[in-house]
file target-v1.cif (mmCIF, C-alpha atoms)
data_target
loop_
_atom_site.label_atom_id
_atom_site.label_comp_id
_atom_site.auth_asym_id
_atom_site.auth_seq_id
_atom_site.Cartn_x
_atom_site.Cartn_y
_atom_site.Cartn_z
CA MET A 1 95.73 -88.38 -48.11
CA THR A 2 92.00 -87.65 -47.92
CA SER A 3 90.49 -86.81 -44.57
CA THR A 4 87.11 -88.17 -43.62
CA PRO A 5 84.52 -86.54 -41.32
CA THR A 6 85.48 -89.17 -38.73
CA ASP A 7 89.12 -88.09 -38.96
CA ALA A 8 88.21 -84.43 -38.53
CA SER A 9 86.15 -85.07 -35.44
CA ALA A 10 88.39 -87.69 -33.84
CA GLY A 11 90.38 -85.06 -32.01
CA LEU A 12 87.25 -83.80 -30.30
CA ALA A 13 87.12 -86.78 -27.96
CA GLY A 14 87.55 -85.67 -24.41
CA ILE A 15 87.29 -82.03 -25.48
CA SER A 16 86.06 -80.96 -22.05
CA ALA A 17 89.41 -81.96 -20.59
CA THR A 18 91.46 -79.85 -23.05
CA THR A 19 92.50 -76.24 -22.84
CA LEU A 20 91.86 -73.52 -25.42
CA LEU A 21 94.60 -71.57 -27.21
CA ARG A 22 93.88 -68.50 -29.30
CA PHE A 23 96.69 -67.76 -31.72
CA ALA A 24 97.33 -65.62 -34.79
CA THR A 25 99.62 -65.96 -37.78
CA ALA A 26 101.44 -62.97 -39.27
CA GLY A 27 104.25 -62.22 -41.65
CA SER A 28 105.15 -60.41 -44.84
CA VAL A 29 103.51 -61.01 -48.22
CA ASP A 30 104.19 -64.47 -49.71
CA ASP A 31 105.92 -65.75 -46.58
CA GLY A 32 103.47 -68.68 -46.63
CA LYS A 33 101.04 -67.98 -43.77
CA SER A 34 97.97 -69.45 -45.45
CA THR A 35 99.97 -72.46 -46.65
CA LEU A 36 101.18 -73.05 -43.09
CA VAL A 37 97.64 -72.87 -41.76
CA GLY A 38 96.40 -75.19 -44.49
CA ARG A 39 99.23 -77.64 -43.78
CA LEU A 40 98.49 -77.47 -40.05
CA LEU A 41 94.82 -78.25 -40.62
CA HIS A 42 95.50 -80.95 -43.23
CA ASP A 43 98.20 -82.85 -41.38
CA SER A 44 96.37 -82.68 -38.05
CA LYS A 45 93.34 -84.24 -39.82
CA SER A 46 91.16 -81.19 -39.20
CA VAL A 47 89.91 -80.89 -42.79
CA LEU A 48 86.67 -82.49 -43.94
CA THR A 49 86.62 -84.50 -47.16
CA ASP A 50 84.40 -82.07 -49.07
CA GLN A 51 86.64 -79.14 -48.11
CA LEU A 52 89.73 -80.89 -49.38
CA GLU A 53 87.97 -81.99 -52.58
CA ALA A 54 86.94 -78.39 -53.28
CA VAL A 55 90.55 -77.23 -52.84
CA GLU A 56 91.77 -80.02 -55.13
CA ARG A 57 89.27 -78.99 -57.84
CA VAL A 58 90.33 -75.34 -57.74
CA SER A 59 94.01 -76.27 -57.70
CA LEU A 60 93.55 -78.62 -60.66
CA GLY A 61 91.73 -75.90 -62.58
CA ARG A 62 94.79 -73.70 -62.11
CA GLY A 63 97.07 -76.38 -63.50
CA GLN A 64 98.60 -77.28 -60.12
CA GLU A 65 99.48 -80.92 -59.56
CA ALA A 66 99.14 -80.83 -55.75
CA PRO A 67 96.31 -79.17 -53.80
CA ASP A 68 97.04 -75.56 -52.81
CA LEU A 69 96.47 -75.77 -49.04
CA ALA A 70 96.41 -71.97 -48.76
CA LEU A 71 92.91 -72.10 -50.26
CA LEU A 72 91.63 -73.67 -47.04
CA THR A 73 91.79 -70.22 -45.42
CA ASP A 74 91.83 -67.77 -48.36
CA GLY A 75 88.08 -67.85 -48.90
CA LEU A 76 87.42 -64.48 -50.57
CA ARG A 77 87.30 -64.43 -54.36
CA ALA A 78 89.81 -61.56 -54.50
CA GLU A 79 92.16 -63.54 -52.26
CA ARG A 80 92.07 -66.57 -54.52
CA GLU A 81 92.51 -64.50 -57.70
CA GLN A 82 95.47 -62.52 -56.37
CA GLY A 83 97.03 -65.26 -54.26
CA ILE A 84 97.11 -63.04 -51.15
CA THR A 85 95.28 -62.86 -47.83
CA ILE A 86 93.09 -59.77 -47.40
CA ASP A 87 90.75 -60.48 -44.49
CA VAL A 88 91.30 -62.25 -41.18
CA ALA A 89 90.29 -65.90 -41.57
CA TYR A 90 89.27 -67.64 -38.35
CA ARG A 91 89.46 -71.40 -38.09
CA TYR A 92 88.46 -73.66 -35.21
CA PHE A 93 90.10 -77.05 -34.77
CA ALA A 94 91.13 -79.45 -32.05
CA THR A 95 93.59 -82.20 -31.25
CA PRO A 96 93.31 -84.65 -28.35
CA ARG A 97 95.54 -82.34 -26.31
CA ARG A 98 94.07 -78.87 -26.96
CA ARG A 99 91.43 -76.80 -28.74
CA PHE A 100 92.44 -73.90 -31.00
CA ILE A 101 90.99 -70.69 -32.38
CA LEU A 102 93.28 -69.58 -35.20
CA ALA A 103 93.34 -66.16 -36.88
CA ASP A 104 95.16 -66.13 -40.23
CA THR A 105 95.98 -62.45 -40.76
CA PRO A 106 97.11 -60.63 -43.93
CA GLY A 107 100.77 -59.87 -44.63
CA HIS A 108 100.43 -56.90 -46.97
CA VAL A 109 101.25 -53.59 -45.30
CA GLN A 110 97.89 -52.23 -46.50
CA TYR A 111 96.10 -54.76 -44.27
CA THR A 112 98.21 -54.40 -41.13
CA ARG A 113 95.05 -53.22 -39.35
CA ASN A 114 93.67 -56.73 -39.74
CA MET A 115 96.70 -58.17 -37.95
CA VAL A 116 95.84 -55.89 -35.01
CA THR A 117 92.33 -57.34 -35.02
CA GLY A 118 93.51 -60.95 -35.15
CA ALA A 119 96.20 -60.57 -32.48
CA SER A 120 94.19 -58.45 -30.04
CA THR A 121 92.80 -61.53 -28.25
CA ALA A 122 95.64 -63.94 -29.06
CA GLU A 123 97.81 -65.65 -26.47
CA LEU A 124 100.38 -66.62 -29.08
CA ALA A 125 101.52 -65.14 -32.40
CA VAL A 126 103.23 -67.10 -35.16
CA VAL A 127 105.40 -64.70 -37.19
CA LEU A 128 106.56 -66.19 -40.48
CA VAL A 129 109.79 -65.22 -42.24
CA ASP A 130 110.88 -66.33 -45.71
CA ALA A 131 114.27 -68.01 -45.22
CA ARG A 132 115.51 -66.39 -48.45
CA ASN A 133 114.58 -62.83 -47.42
CA GLY A 134 115.15 -62.83 -43.67
CA VAL A 135 113.71 -60.19 -41.35
CA VAL A 136 112.08 -57.38 -43.36
CA GLU A 137 110.24 -54.20 -42.34
CA GLN A 138 106.84 -55.91 -42.16
CA THR A 139 108.36 -58.61 -39.94
CA ARG A 140 109.52 -55.89 -37.55
CA ARG A 141 106.12 -54.22 -37.69
CA HIS A 142 104.35 -57.46 -36.78
CA ALA A 143 106.80 -58.08 -33.92
CA ALA A 144 106.13 -54.54 -32.65
CA ILE A 145 102.36 -55.07 -32.79
CA ALA A 146 102.65 -58.39 -30.94
CA ALA A 147 104.72 -56.65 -28.24
CA LEU A 148 102.34 -53.71 -28.09
CA LEU A 149 99.33 -56.01 -27.70
CA ARG A 150 101.16 -57.89 -24.93
CA VAL A 151 100.94 -61.24 -26.70
CA PRO A 152 102.80 -63.43 -24.19
CA HIS A 153 104.23 -66.03 -26.62
CA VAL A 154 105.77 -65.46 -30.06
CA VAL A 155 106.83 -68.22 -32.46
CA LEU A 156 109.26 -67.34 -35.23
CA ALA A 157 108.56 -69.76 -38.09
CA VAL A 158 111.42 -69.57 -40.59
CA ASN A 159 109.57 -70.86 -43.65
CA LYS A 160 110.67 -72.13 -47.07
CA MET A 161 113.72 -73.83 -45.62
CA ASP A 162 113.49 -76.22 -48.61
CA LEU A 163 114.43 -73.29 -50.84
CA ALA A 164 117.45 -72.55 -48.64
CA ASP A 165 118.81 -76.11 -48.82
CA TYR A 166 117.69 -76.68 -45.21
CA ALA A 167 120.86 -74.84 -44.13
CA GLU A 168 121.27 -74.40 -40.38
CA PRO A 169 123.32 -71.15 -40.68
CA VAL A 170 120.45 -69.49 -42.57
CA PHE A 171 118.02 -70.36 -39.80
CA ALA A 172 120.45 -69.40 -37.02
CA ARG A 173 121.12 -65.96 -38.51
CA ILE A 174 117.43 -65.11 -38.89
CA ALA A 175 116.53 -66.47 -35.45
CA GLU A 176 119.28 -64.44 -33.79
CA GLU A 177 118.29 -61.19 -35.54
CA PHE A 178 114.57 -61.56 -34.82
CA THR A 179 115.03 -62.66 -31.21
CA ALA A 180 117.27 -59.66 -30.49
CA TYR A 181 114.70 -57.30 -32.03
CA ALA A 182 111.72 -58.85 -30.23
CA THR A 183 113.57 -58.89 -26.90
CA ALA A 184 114.31 -55.18 -27.26
CA LEU A 185 110.55 -54.66 -27.68
CA GLY A 186 109.87 -56.53 -24.45
CA VAL A 187 108.49 -59.75 -25.93
CA PRO A 188 108.82 -62.20 -23.02
CA GLU A 189 109.29 -65.42 -25.03
CA VAL A 190 110.41 -66.22 -28.58
CA THR A 191 110.53 -69.79 -29.93
CA ALA A 192 112.21 -70.20 -33.34
CA ILE A 193 111.27 -73.18 -35.55
CA PRO A 194 112.63 -73.94 -39.06
CA ILE A 195 109.83 -75.17 -41.33
CA SER A 196 108.68 -75.78 -44.87
CA ALA A 197 104.92 -75.31 -44.95
CA LEU A 198 104.72 -76.53 -48.55
CA ALA A 199 106.60 -79.77 -47.86
CA GLY A 200 105.30 -80.20 -44.30
CA ASP A 201 108.69 -80.08 -42.56
CA ASN A 202 108.35 -79.42 -38.79
CA VAL A 203 104.72 -78.31 -39.06
CA VAL A 204 102.99 -81.38 -37.64
CA GLU A 205 105.62 -84.04 -38.27
CA PRO A 206 109.39 -83.66 -37.61
CA SER A 207 111.52 -82.97 -40.67
CA ALA A 208 113.79 -85.63 -42.11
CA HIS A 209 115.89 -82.91 -43.75
CA MET A 210 116.92 -80.94 -40.63
CA ASP A 211 118.49 -83.39 -38.21
CA TRP A 212 120.42 -80.44 -36.73
CA TYR A 213 117.14 -79.14 -35.21
CA GLY A 214 116.03 -80.84 -32.01
CA GLY A 215 113.15 -78.59 -30.95
CA PRO A 216 109.37 -79.05 -31.23
CA THR A 217 107.27 -78.93 -34.37
CA VAL A 218 104.81 -76.07 -34.72
CA LEU A 219 101.85 -78.19 -33.61
CA GLU A 220 103.77 -79.72 -30.71
CA HIS A 221 104.65 -76.25 -29.44
CA LEU A 222 101.05 -75.06 -29.86
CA GLU A 223 99.83 -78.07 -27.90
CA THR A 224 102.26 -77.65 -25.02
CA VAL A 225 102.84 -73.91 -24.59
CA PRO A 226 101.47 -72.85 -21.18
CA VAL A 227 98.39 -70.64 -21.33
CA SER A 228 96.34 -69.16 -18.55
CA HIS A 229 92.74 -68.01 -18.80
CA ASP A 230 92.45 -67.27 -15.10
CA LEU A 231 91.20 -63.69 -14.95
CA THR A 232 89.91 -64.08 -11.40
CA GLY A 233 93.19 -62.92 -9.90
CA CYS A 234 92.70 -59.46 -11.40
CA PRO A 235 90.44 -56.80 -9.81
CA ALA A 236 86.84 -57.25 -10.87
CA ARG A 237 85.54 -55.09 -13.72
CA PHE A 238 81.92 -55.15 -14.91
CA PRO A 239 81.04 -52.88 -17.87
CA VAL A 240 77.27 -52.38 -17.91
CA GLN A 241 75.81 -53.39 -21.25
CA TYR A 242 72.06 -53.17 -20.63
CA VAL A 243 69.65 -52.15 -17.88
CA ILE A 244 66.82 -54.63 -17.29
CA ARG A 245 63.54 -53.21 -15.99
CA PRO A 246 60.68 -55.59 -16.86
CA GLN A 247 58.10 -53.69 -14.73
CA SER A 248 55.79 -56.67 -15.01
CA ALA A 249 53.29 -58.06 -12.53
CA GLU A 250 55.73 -60.85 -11.72
CA HIS A 251 58.72 -58.49 -11.34
CA PRO A 252 57.32 -55.05 -10.53
CA ASP A 253 60.48 -53.68 -8.87
CA TYR A 254 63.23 -55.66 -10.64
CA ARG A 255 66.22 -53.57 -11.70
CA GLY A 256 69.23 -55.45 -13.03
CA TYR A 257 72.41 -54.48 -14.81
CA ALA A 258 73.45 -56.96 -17.48
CA GLY A 259 76.90 -57.44 -19.00
CA GLN A 260 79.99 -59.62 -19.18
CA ILE A 261 82.50 -59.64 -16.35
CA ALA A 262 85.76 -58.43 -17.93
CA SER A 263 88.01 -59.65 -15.11
CA GLY A 264 87.97 -60.81 -11.51
CA ALA A 265 85.08 -62.18 -9.48
CA LEU A 266 82.01 -60.55 -7.93
CA ARG A 267 80.20 -61.76 -4.81
CA VAL A 268 76.83 -61.11 -3.23
CA GLY A 269 77.24 -58.68 -0.33
CA GLU A 270 80.37 -57.05 -1.80
CA PRO A 271 80.60 -53.21 -1.67
CA VAL A 272 80.95 -51.77 -5.18
CA THR A 273 81.50 -48.40 -6.80
CA VAL A 274 79.83 -47.25 -10.01
CA LEU A 275 82.11 -45.28 -12.32
CA PRO A 276 82.47 -42.59 -13.48
CA SER A 277 79.83 -41.23 -11.06
CA GLY A 278 81.61 -42.64 -7.98
CA LYS A 279 78.34 -43.70 -6.33
CA THR A 280 78.53 -46.74 -4.07
CA SER A 281 76.26 -49.63 -3.20
CA VAL A 282 76.32 -53.33 -2.31
CA ILE A 283 75.67 -56.31 -4.58
CA GLU A 284 72.29 -57.60 -3.47
CA GLY A 285 72.04 -60.42 -5.99
CA ILE A 286 73.67 -62.00 -9.05
CA ASP A 287 71.61 -63.76 -11.73
CA ALA A 288 73.35 -66.15 -14.12
CA LEU A 289 71.34 -68.01 -16.77
CA GLY A 290 68.17 -67.00 -15.00
CA GLN A 291 69.24 -68.45 -11.64
CA PRO A 292 70.55 -66.62 -8.56
CA VAL A 293 74.19 -67.35 -7.64
CA ASP A 294 76.44 -66.19 -4.82
CA ILE A 295 79.55 -65.59 -6.95
CA ALA A 296 80.38 -64.99 -10.61
CA TRP A 297 83.68 -64.55 -12.41
CA ALA A 298 85.15 -63.57 -15.77
CA PRO A 299 84.16 -64.12 -18.53
CA GLN A 300 80.61 -64.98 -17.39
CA SER A 301 77.66 -62.92 -18.60
CA VAL A 302 75.46 -62.08 -15.63
CA THR A 303 72.95 -59.58 -14.27
CA LEU A 304 73.81 -57.68 -11.09
CA ARG A 305 71.22 -56.36 -8.64
CA LEU A 306 72.31 -53.61 -6.25
CA ALA A 307 70.89 -52.70 -2.86
CA ASP A 308 70.36 -49.06 -3.85
CA ASP A 309 68.42 -47.52 -6.75
CA ILE A 310 71.07 -45.30 -8.30
CA ASP A 311 71.45 -43.89 -11.77
CA ILE A 312 73.30 -46.51 -13.83
CA SER A 313 73.22 -46.85 -17.61
CA ARG A 314 75.07 -48.53 -20.46
CA GLY A 315 78.74 -47.61 -20.41
CA ASP A 316 79.08 -47.37 -16.64
CA LEU A 317 81.61 -49.62 -14.91
CA ILE A 318 80.89 -51.48 -11.66
CA ALA A 319 83.98 -52.43 -9.63
CA PRO A 320 84.74 -53.45 -6.04
CA THR A 321 85.09 -50.33 -3.92
CA ALA A 322 88.39 -51.60 -2.48
CA ALA A 323 89.93 -51.97 -5.96
CA ALA A 324 88.14 -49.43 -8.13
CA PRO A 325 90.19 -47.91 -10.98
CA ALA A 326 90.94 -44.19 -11.09
CA THR A 327 89.07 -42.10 -13.65
CA THR A 328 90.72 -39.68 -16.01
CA GLN A 329 89.93 -37.34 -18.87
CA ASP A 330 93.52 -37.28 -20.11
CA VAL A 331 94.27 -40.60 -21.75
CA VAL A 332 97.97 -41.27 -22.38
CA ALA A 333 98.42 -44.29 -24.62
CA THR A 334 100.19 -45.99 -27.48
CA VAL A 335 98.10 -46.44 -30.61
CA CYS A 336 98.39 -48.36 -33.84
CA HIS A 337 96.80 -46.16 -36.48
CA VAL A 338 94.79 -48.31 -38.88
CA ALA A 339 92.87 -45.81 -41.04
CA ASP A 340 93.95 -44.45 -44.42
CA GLN A 341 93.27 -40.90 -43.26
CA PRO A 342 95.96 -39.58 -40.90
CA LEU A 343 95.50 -38.93 -37.20
CA THR A 344 96.45 -35.33 -36.45
CA VAL A 345 96.77 -33.11 -33.38
CA GLY A 346 93.43 -31.42 -32.76
CA ARG A 347 91.45 -34.19 -34.45
CA ARG A 348 87.95 -34.67 -33.00
CA VAL A 349 87.20 -38.34 -32.43
CA LEU A 350 85.00 -40.71 -30.51
CA LEU A 351 86.71 -42.91 -27.94
CA LYS A 352 85.11 -46.31 -27.32
CA HIS A 353 86.15 -48.01 -24.08
CA THR A 354 84.35 -51.27 -23.20
CA THR A 355 80.65 -50.37 -23.53
CA ARG A 356 81.13 -46.59 -23.25
CA THR A 357 81.66 -44.15 -26.13
CA VAL A 358 82.58 -40.51 -25.46
CA LYS A 359 83.69 -37.48 -27.45
CA ALA A 360 87.40 -36.72 -27.41
CA ILE A 361 90.15 -34.56 -28.94
CA VAL A 362 93.69 -35.61 -29.84
CA LYS A 363 95.70 -33.08 -27.80
CA GLU A 364 99.23 -34.38 -28.45
CA ILE A 365 101.17 -36.89 -30.53
CA PRO A 366 104.44 -36.92 -28.56
CA SER A 367 106.27 -39.52 -30.66
CA ARG A 368 106.17 -42.05 -33.47
CA LEU A 369 108.03 -45.35 -33.37
CA THR A 370 110.73 -45.93 -36.00
CA LEU A 371 110.65 -49.65 -36.73
CA ASP A 372 114.21 -49.97 -38.08
CA ASP A 373 116.02 -49.11 -34.85
CA LEU A 374 113.12 -48.74 -32.35
CA SER A 375 113.93 -45.05 -31.87
CA GLN A 376 111.28 -42.44 -31.20
CA HIS A 377 110.62 -39.68 -33.72
CA PRO A 378 109.58 -36.78 -31.47
CA SER A 379 106.49 -34.62 -32.08
CA PRO A 380 105.56 -35.93 -35.53
CA GLY A 381 102.25 -34.04 -35.42
CA THR A 382 100.51 -36.80 -37.36
CA LEU A 383 100.26 -40.60 -37.61
CA ALA A 384 99.79 -42.22 -41.01
CA ALA A 385 98.26 -45.63 -41.72
CA ASN A 386 100.11 -48.44 -39.89
CA ASP A 387 102.14 -46.00 -37.76
CA ILE A 388 102.63 -46.77 -34.07
CA GLY A 389 102.91 -43.78 -31.79
CA ARG A 390 102.17 -42.19 -28.44
CA VAL A 391 99.11 -39.96 -28.07
CA VAL A 392 97.42 -37.84 -25.43
CA VAL A 393 93.64 -37.72 -25.81
CA ARG A 394 91.30 -35.45 -23.83
CA THR A 395 87.84 -36.94 -23.29
CA ALA A 396 84.58 -35.10 -22.65
CA GLU A 397 83.77 -37.38 -19.71
CA PRO A 398 85.94 -39.23 -17.18
CA LEU A 399 86.83 -42.83 -18.07
CA PRO A 400 87.79 -45.65 -15.65
CA LEU A 401 90.82 -46.88 -17.58
CA ASP A 402 93.21 -49.55 -16.39
CA ALA A 403 96.75 -49.79 -17.73
CA TYR A 404 96.84 -52.16 -20.71
CA ALA A 405 99.70 -54.02 -19.03
CA ASP A 406 97.27 -54.89 -16.20
CA SER A 407 94.19 -55.64 -18.31
CA ARG A 408 93.99 -56.15 -22.06
CA ARG A 409 90.20 -55.73 -21.87
CA THR A 410 89.74 -52.59 -19.76
CA GLY A 411 93.06 -51.02 -20.80
CA SER A 412 92.24 -50.94 -24.51
CA PHE A 413 90.11 -48.57 -26.55
CA LEU A 414 89.29 -47.49 -30.10
CA LEU A 415 89.42 -44.05 -31.67
CA ILE A 416 86.53 -43.65 -34.12
CA ASP A 417 85.69 -41.08 -36.79
CA PRO A 418 82.48 -39.37 -35.56
CA ALA A 419 81.42 -38.58 -39.13
CA ASP A 420 81.15 -42.12 -40.52
CA GLY A 421 82.03 -44.52 -37.68
CA THR A 422 85.33 -45.63 -39.24
CA THR A 423 87.86 -47.06 -36.79
CA LEU A 424 90.92 -44.79 -36.78
CA SER A 425 93.27 -46.25 -34.17
CA ALA A 426 93.53 -49.10 -31.68
CA GLY A 427 94.84 -47.79 -28.36
CA MET A 428 96.57 -49.32 -25.35
CA ALA A 429 96.51 -47.14 -22.22
CA GLY A 430 99.58 -46.56 -20.08
CA ASP A 431 103.19 -47.45 -20.72
CA ALA A 432 104.11 -49.48 -23.78
CA PHE A 433 107.39 -50.98 -24.89
CA ALA A 434 108.73 -47.47 -25.63
CA ALA A 435 108.39 -44.44 -23.38
CA ALA A 436 107.28 -41.14 -24.86
CA PRO A 437 110.10 -38.58 -25.00
CA ALA A 438 109.98 -35.52 -22.82
CA GLY A 439 109.09 -32.30 -24.59
CA GLU A 440 106.72 -29.41 -24.83
CA PRO A 441 103.12 -30.37 -25.67
CA ALA A 442 102.06 -29.52 -29.20
CA GLU A 443 99.54 -26.76 -29.66
CA ALA A 444 96.10 -28.13 -30.42
CA PRO A 445 93.76 -26.13 -32.65
CA GLU A 446 90.94 -24.43 -30.83
CA ALA A 447 87.87 -26.66 -30.64
CA ASP A 448 84.24 -25.66 -30.81
CA ASP A 449 80.79 -27.12 -31.45
CA GLY A 450 80.65 -28.70 -28.01
CA TRP A 451 84.01 -30.43 -28.36
CA ASP A 452 85.99 -28.03 -26.14
CA PHE A 453 86.80 -29.87 -22.93
#

call {"tool": "encode", "arguments": {"input": "target-v1.cif", "output": "structure tokens"}}
result
Amino acid sequence: MTSTPTDASAGLAGISATTLLRFATAGSVDDGKSTLVGRLLHDSKSVLTDQLEAVERVSLGRGQEAPDLALLTDGLRAEREQGITIDVAYRYFATPRRRFILADTPGHVQYTRNMVTGASTAELAVVLVDARNGVVEQTRRHAAIAALLRVPHVVLAVNKMDLADYAEPVFARIAEEFTAYATALGVPEVTAIPISALAGDNVVEPSAHMDWYGGPTVLEHLETVPVSHDLTGCPARFPVQYVIRPQSAEHPDYRGYAGQIASGALRVGEPVTVLPSGKTSVIEGIDALGQPVDIAWAPQSVTLRLADDIDISRGDLIAPTAAAPATTQDVVATVCHVADQPLTVGRRVLLKHTTRTVKAIVKEIPSRLTLDDLSQHPSPGTLAANDIGRVVVRTAEPLPLDAYADSRRTGSFLLIDPADGTTLSAGMAGDAFAAAPAGEPAEAPEADDGWDF
């Protein structure tokens, strides 16, 4: 069936009344992630005619009788040549019930870092499993990352059921094993769905081959899963991105602090504290889209004006005085190491938290997670690429960190190589799904060159 531009835009009617769901797909190599995404887009009539014709041409040139729907997301030349996903592919589509931002992430262990990127803002993760292979190490790694990133909803899509004779026992065994593993990690909700992305079974339309399954299709679950974007119930956090001082004839004394509200709501007249300095003031005015307002909330981008002229610059955090976060120079967190070069005790790094970047040293690596049985390997001394472990990082300046469990935005950070700017690790402050074991801190090499703090 060929989709027309009218078909692709039909679901946009009444878009203002729909909610938005961000979700990511993950799974091991050749589990069929890109095919699932392509099937989802095709069968929900979210593919334009010229896109589908291009896929049909490429597929025909390869000698394939049917269009390879994976090509709708695998856009890089290397991806098409090798038949794998390398980069995160983002797609935007809508149905009459909901809007979607989809991140199709790679399955190869080498590109696990990209799964971290795609899932970091997701409210739901679809983890694919090949029905013939069951739960493998990369499946467990992706489940661990989803739990670590506090993704609230996980869908287990048992794919290629057509190659397993649509057998219910095959699906039941895989669903039971994965659900037990994910529950042990603290994943709050797992929904298992048997599918065939190639044939279209239970992706958008119910399967005629699995009458033993009475649950939702993938699209039906995506359209109905409850999501909440209400960040106003959390304490307000305002990372300063830019200081506005026009010093013009029209605005000779204007001093505003621009940025995006990370969480909560801010009101004119509210007492606030500037961190890490600890200086206090009162919100004198809030400008949104060039107009003064009395209240603003996440995720609006606004400019704050304070009653007092105090030293504030990019990287500072403005928060209500009654609910200001504590500052610390000893960051205890769980990290997913994404760089090829290992993370070692004593490593000098840059730590980027919201709009602030400070020097830091890795003081301890108390443990590394063993994916097979979720045990902790104590004091490994180093984290290799794709390892998940606990770290203690000492920063040169105090940071106003929230626990990641309380705020995914102000509880997360990056560790960066100061030499070339390469991202080393993605960190989540506070407790994770596994507690660090007790033990003596590892000795850190003596630091110098202004990095001893």

call {"tool": "atom_distance", "arguments": {"input": "target-v1.cif", "atom1": "CA of Val218 in chain A", "atom2": "CA of Asp162 in chain A"}}
result
16.4 Å

call {"tool": "closest_residue", "arguments": {"input": "target-v1.cif", "among": "A:Gln376, A:Thr334, A:Gln247, A:Gln241", "to": "Ile312 in chain A", "atoms": "only C-alpha atoms"}}
result
A:Gln241

call {"tool": "residues_around", "arguments": {"input": "target-v1.cif", "residues": "Glu284 in chain A", "least_positions_apart": "6", "cutoff": "10 Å", "atoms": "all atoms listed in the file", "output": "MDAnalysis selection string"}}
result
chainID A and resid 267:271 294 304:308

call {"tool": "closest_residue", "arguments": {"input": "target-v1.cif", "among": "A:Val272, A:Ile416, A:Ala26, A:Leu371", "to": "Arg140 in chain A", "atoms": "all atoms listed in the file"}}
result
A:Leu371

call {"tool": "residues_around", "arguments": {"input": "target-v1.cif", "residues": "Glu205 in chain A", "least_positions_apart": "6", "cutoff": "12 Å", "atoms": "all atoms listed in the file", "output": "list in words"}}
result
Arg39, Leu40, His42, Asp43, Ser44, Ile195, Ser196, Ala197, Ala199, Gly215, Pro216, Thr217, Val218, Leu219, Glu220 and His221 of chain A

call {"tool": "axis_aligned_box", "arguments": {"input": "target-v1.cif", "around": "range 113-128 of chain A", "padding_each_side": "8 Å", "output": "JSON"}}
result
{"center_x": 99.4, "center_y": -60.2, "center_z": -33.5, "size_x": 30.2, "size_y": 29.9, "size_z": 30.0}

call {"tool": "resolve_selection", "arguments": {"input": "target-v1.cif", "expression": "the PyMOL selection byres ((chain A and resi 174) around 9)", "output": "ChimeraX atom specification"}}
result
/A:129,131,134-135,158,169-173,175-179

call {"tool": "closest_residue", "arguments": {"input": "target-v1.cif", "among": "A:Arg408, A:Lys160, A:Arg390, A:Lys363", "to": "Asp431 in chain A", "atoms": "all atoms listed in the file"}}
result
A:Arg390

call {"tool": "closest_residue", "arguments": {"input": "target-v1.cif", "among": "A:Lys352, A:Arg409, A:His209, A:His142", "to": "Tyr166 in chain A", "atoms": "all atoms listed in the file"}}
result
A:His209

call {"tool": "resolve_selection", "arguments": {"input": "target-v1.cif", "expression": "the PyMOL selection byres ((chain A and resi 377) around 9)", "output": "PyMOL selection string"}}
result
chain A and resi 366-370+375-376+378-380+389+437

call {"tool": "resolve_selection", "arguments": {"input": "target-v1.cif", "expression": "the PyMOL selection byres ((chain A and resi 116) around 9)", "output": "PDB file with C-alpha atoms, in the frame of the given file"}}
result
ATOM      1  CA  THR A 105      95.980 -62.450 -40.760  1.00  0.00           C
ATOM      2  CA  THR A 112      98.210 -54.400 -41.130  1.00  0.00           C
ATOM      3  CA  ARG A 113      95.050 -53.220 -39.350  1.00  0.00           C
ATOM      4  CA  ASN A 114      93.670 -56.730 -39.740  1.00  0.00           C
ATOM      5  CA  MET A 115      96.700 -58.170 -37.950  1.00  0.00           C
ATOM      6  CA  THR A 117      92.330 -57.340 -35.020  1.00  0.00           C
ATOM      7  CA  GLY A 118      93.510 -60.950 -35.150  1.00  0.00           C
ATOM      8  CA  ALA A 119      96.200 -60.570 -32.480  1.00  0.00           C
ATOM      9  CA  SER A 120      94.190 -58.450 -30.040  1.00  0.00           C
ATOM     10  CA  HIS A 142     104.350 -57.460 -36.780  1.00  0.00           C
ATOM     11  CA  ILE A 145     102.360 -55.070 -32.790  1.00  0.00           C
ATOM     12  CA  ALA A 146     102.650 -58.390 -30.940  1.00  0.00           C
ATOM     13  CA  LEU A 149      99.330 -56.010 -27.700  1.00  0.00           C
ATOM     14  CA  CYS A 336      98.390 -48.360 -33.840  1.00  0.00           C
ATOM     15  CA  VAL A 338      94.790 -48.310 -38.880  1.00  0.00           C
ATOM     16  CA  ALA A 426      93.530 -49.100 -31.680  1.00  0.00           C
TER      17      ALA A 426
END

call {"tool": "atom_distance", "arguments": {"input": "target-v1.cif", "atom1": "CA of Leu415 in chain A", "atom2": "CA of Ile261 in chain A"}}
result
22.9 Å

call {"tool": "atom_distance", "arguments": {"input": "target-v1.cif", "atom1": "CA of Ile283 in chain A", "atom2": "CA of Pro325 in chain A"}}
result
18.0 Å

call {"tool": "closest_residue", "arguments": {"input": "target-v1.cif", "among": "A:Arg348, A:Val154, A:Ala236, A:Ser277", "to": "Pro299 in chain A", "atoms": "only C-alpha atoms"}}
result
A:Ala236

call {"tool": "closest_residue", "arguments": {"input": "target-v1.cif", "among": "A:Tyr242, A:Arg141, A:Ala125, A:Ser248", "to": "Glu189 in chain A", "atoms": "all atoms listed in the file"}}
result
A:Ala125

call {"tool": "residues_around", "arguments": {"input": "target-v1.cif", "residues": "Pro400 in chain A", "least_positions_apart": "4", "cutoff": "10 Å", "atoms": "all atoms listed in the file", "output": "list in words"}}
result
Arg237, Val274, Leu275, Pro276, Asp316, Leu317, Ile318, Ala319, Ala324, Pro325, Ala326, Thr327, Thr328, Gln329, His353, Thr410 and Gly411 of chain A
